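Some notes on the structure that comes next.
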Amino acid sequence: MDKLAIIGGRPLYGDLRISGAKNSALKVMAACLLTADKLILDEVPDLADVRQLLVLLDNHGVKAERDGQRLTLDAGHISSTTAPYEIVRKMRASFNVLGPILAREGHAKVSLPGGCAIGARPVNFHLMAFEAMGAKIELEEGYVLAEAPAGGLKGAVVDLPFPSVGATEHVMMTACLANGTTIINNAAREPELTDLADCLNAMGGKVEGAGTSQITIQGVSSLHGAQHEVVADRIELGSYAMAVGATGGEVLLERGRRDLLGVAADILDECGLSLVDEEGGLRVSRWGTPTVSQSVVTEPYPGLATDLQAQFMALMSKGDGVATIKETVFENRFMHVPELCRLGANISVDGQTATVKGVPSLKGAEVMATDLRASMSLIIAALSAEGQTMISRVYHLDRGFERLDEKLRQMGALIERVKDD
Ligand code: EPZ
């Protein structure tokens with residue numbers, strides 16, 4: 001297993017291209033199952049999670065071709081309507097093949113994804129919506145068995161109890177091939193949703209209101225092929241912006257935009273960073289000023305993304321005062337705290353709130369990555385720490401940050417990937 005060795009204390013400089021968003025790529029890839037034509041996707045990051053979804057799509061008979069950042073998917077013939085546990089359990093986003101297969105083939109059998117390190121993460125909202133659309137849902141031996149009514153799924157009003165990203169996306173895709181109109185109330189508003197809606201509309205779908213709390217989808221009898229470019233990854237963008245905040249320096253994050261970050265952009269302003277939209281990207285800099293401690297709460301977009309919470313905590317570790325960080329989206333997302341403390345951070349946790357007392361300096365140590373975003377917080381802390389940090393279990397990072405060590409080196413960081421013995 002690889003480790004990352006980082007020698008901290010160097011400011012970051014240069015230009016860096018932000019990759020396509022993992023959490024958008026995974027959904028537009030699943031959307032290929034809605035059409036028998038080819039779907040051409042650009043800016044698809046080469047990540048372990050993307051490769052994992054390709055394994056599942058292959059199981060359903062999808063032909064895939066990669067050429068650089070372009071991925072062409074051909075679901076001309078769906079050869080299996082079953083998504084097996086051995087594949088689905090490795091990545092929760094796999095569950096989102098259920099709706100498209102159900103809508104196109106009239107039935108689907110998909111393994112329940114199970115919980116994961118950051119929380120229980122049930123799929124009850126997804127299933128509730130499909131039942132409202134007339135599907136018969138049964139749970140059997142860890143699988144969801146879904147059957148559409150004889151005339152196909154029908155449009156429905158879906159009131160989500162929480163603006164779930166996955167459920168909103170799943171219902172939006174599926175409703176494209178239902179009879180009649182579906183309205184999703186309390187819909188999630190993340191940029192990846194808007195991106196998926198753009199892709200579905202390019203495929204001939206009729207989706208309106210993505211990016212607002214109410215999305216209306218008029219079902220059509222079939223979707224056709226299309227070409228779509230995946231939106232820039234706002235979590236990668238925010239993570240590198242916070243890395244610059246932690247180390248100082250100036251970086252142009254190409255394809256980045258303030259609006260992708262939602263309120264995180266304003267919060268980072270308050271922390272003493274400068275984030276300026278420019279032609280071609282977002283320029284992020286911090287020059288010598290102290291990092292101002294800010295208290296925050298994670299919320300659905302446009303609130304501070306839960307996927308940036310750990311990285312923000314790393315930034316706050318060297319803040320000039322005390323910051324409280326409240327996690328409201330997932331129940332177990334503070335696993336990075338003990339690891340940050342190994343680097344000298346002063347953080348205590350009470351329930352869903354962490355209190356970070358800024359310290360003047362962090363010191364390199366051996367730490368362990370625990371999940372994807374938590375691992376990024378260790379990278380940020382290590383970049384701003386004195387001396388060397390060794391991060392183990394970096395496979396977590398490879399799931400969601402494309403060419404991470406290479407990109408950081410490009411910005412002047414001292415980071416090397418080393419083989420574990
Ligand atoms: C997506 O997960 C992202 N994953 C997550 O990113 C991200 O943290 C999350 O949205 C929130 O922004 C992908 O897009 C692949 P949710 P998702 O449904 O869709 C509860 C990363 O690091 N809930 O918005 O699974 C749920 O338990 C990952 O890239 C139900 O109760 O998130 C959670 O507490 C981690 N029932 C809350 O809603 C349901 O049926 C939000 O979950 C669905 C969700």
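Order determines the names: the first chain of the structure tokens is A, the second B, and so forth; residues in each chain are numbered 1 upward, and ligands are numbered 1 upward as they are shown.
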
For this session: Could you find all residues in stretch 31-172 of chain A that DSSP calls helix (DSSP H, G or I) from the backbone, and write them as number ranges by chain?
Result: A: 31-34, 48-59, 85-88, 92-105, 124-132, 165-172

For this session: May I have the residues within 7 Å of ligand 1, computed using only C-alpha atoms and all ligand atoms, as a list in words?
Result: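 Within the 7 Å cut-off, the matching residues are Asn23, Ser24, Leu26, Arg92, Ala93, Gly119, Ala120, Arg121, Pro122, Val123, Asn124, Phe125, His126, Phe162, Pro163, Ser164, Val165, Gly166, Ala167, Pro300, Ala305, Thr306, Asp307, Val329, Phe330, Glu331, Leu372, Arg373 and Gly400 of chain A.
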
Exercise. What separation in Å, quoted to one decimal, exists between atom CA of A:Ser384 and atom CA of A:Thr328?
Worked result: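 Separating atom CA of A:Ser384 from atom CA of A:Thr328 is a distance of 27.5 Å.
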
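Shell of A:Gln227 at 8 Å, with only C-alpha atoms counted and residues fewer than 4 places along the chain excluded, is A:Leu39, A:Ile40, A:Leu41, A:Asp42, A:Cys199, A:Ala202.
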
For this session: Rank nothing, just name the residue among A:Arg333, A:Arg89, A:Arg70, A:Lys363 nearest to A:Gly8, using only C-alpha atoms.
Result: A:Lys363

Exercise. Any idea what's packed within 7 Å of stretch 71-86 of chain A, counting only C-alpha atoms, ignoring anything in its chain fewer than 4 positions away? Could you give it as an MDAnalysis selection string?
Worked result: chainID A and resid 32:33 35:42 44 59:67 101 108:111

For this session: Report as a ChimeraX atom specification: the residues of stretch 62-173 of chain A with a DSSP assignment of strand (DSSP E or B), based on the backbone of this structure.
Result: /A:63-67,70-74,82-83,107-111,116,119,136-140,143-147,154,157-159

For this session: For each of A:Ile415, A:Ala146, A:Val230, A:Ile325, take the minimum atom-to-atom distance to A:Gly351, counting only C-alpha atoms, then give the residue where this is smallest.
Result: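 Counting only C-alpha atoms, the residue closest to A:Gly351 is A:Ile325.
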
Problem set entry | 10 Å contact set for A:Gly209, only C-alpha atoms, chain neighbours under 3 positions out, as a list in words |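 My reading of the contact set: Ile183, Ile184, Ala187, Arg189, Thr194, Ala197, Thr212, Ser213, Gln214, Ile215, Thr216 and Ile217 of chain A.
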
For this session: Skip A:Thr247 itself and residues of its chain fewer than 4 positions away, then list as JSON, numbers by chain all residues within 9 Å of it, counting only C-alpha atoms.
Result: {"A": [8, 9, 10, 11, 12, 242, 243, 286, 380, 381, 383, 384, 385]}

For this session: Record the distance separating atom CA of A:Phe95 and atom CA of A:Leu112, expressed in Å with one decimal.
Result: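 A separation of 7.1 Å between them.
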
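Of the listed residues (A:Ser348, A:Thr174, A:Gln309, A:Thr181), A:Gln309 comes nearest to A:Met376; the distances count only C-alpha atoms.
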
Seminar exercise, completed: Restricting to only C-alpha atoms, whichever of A:Ala31, A:Ala241, A:Met313, A:Val171 is closest to A:Leu408 is A:Ala241
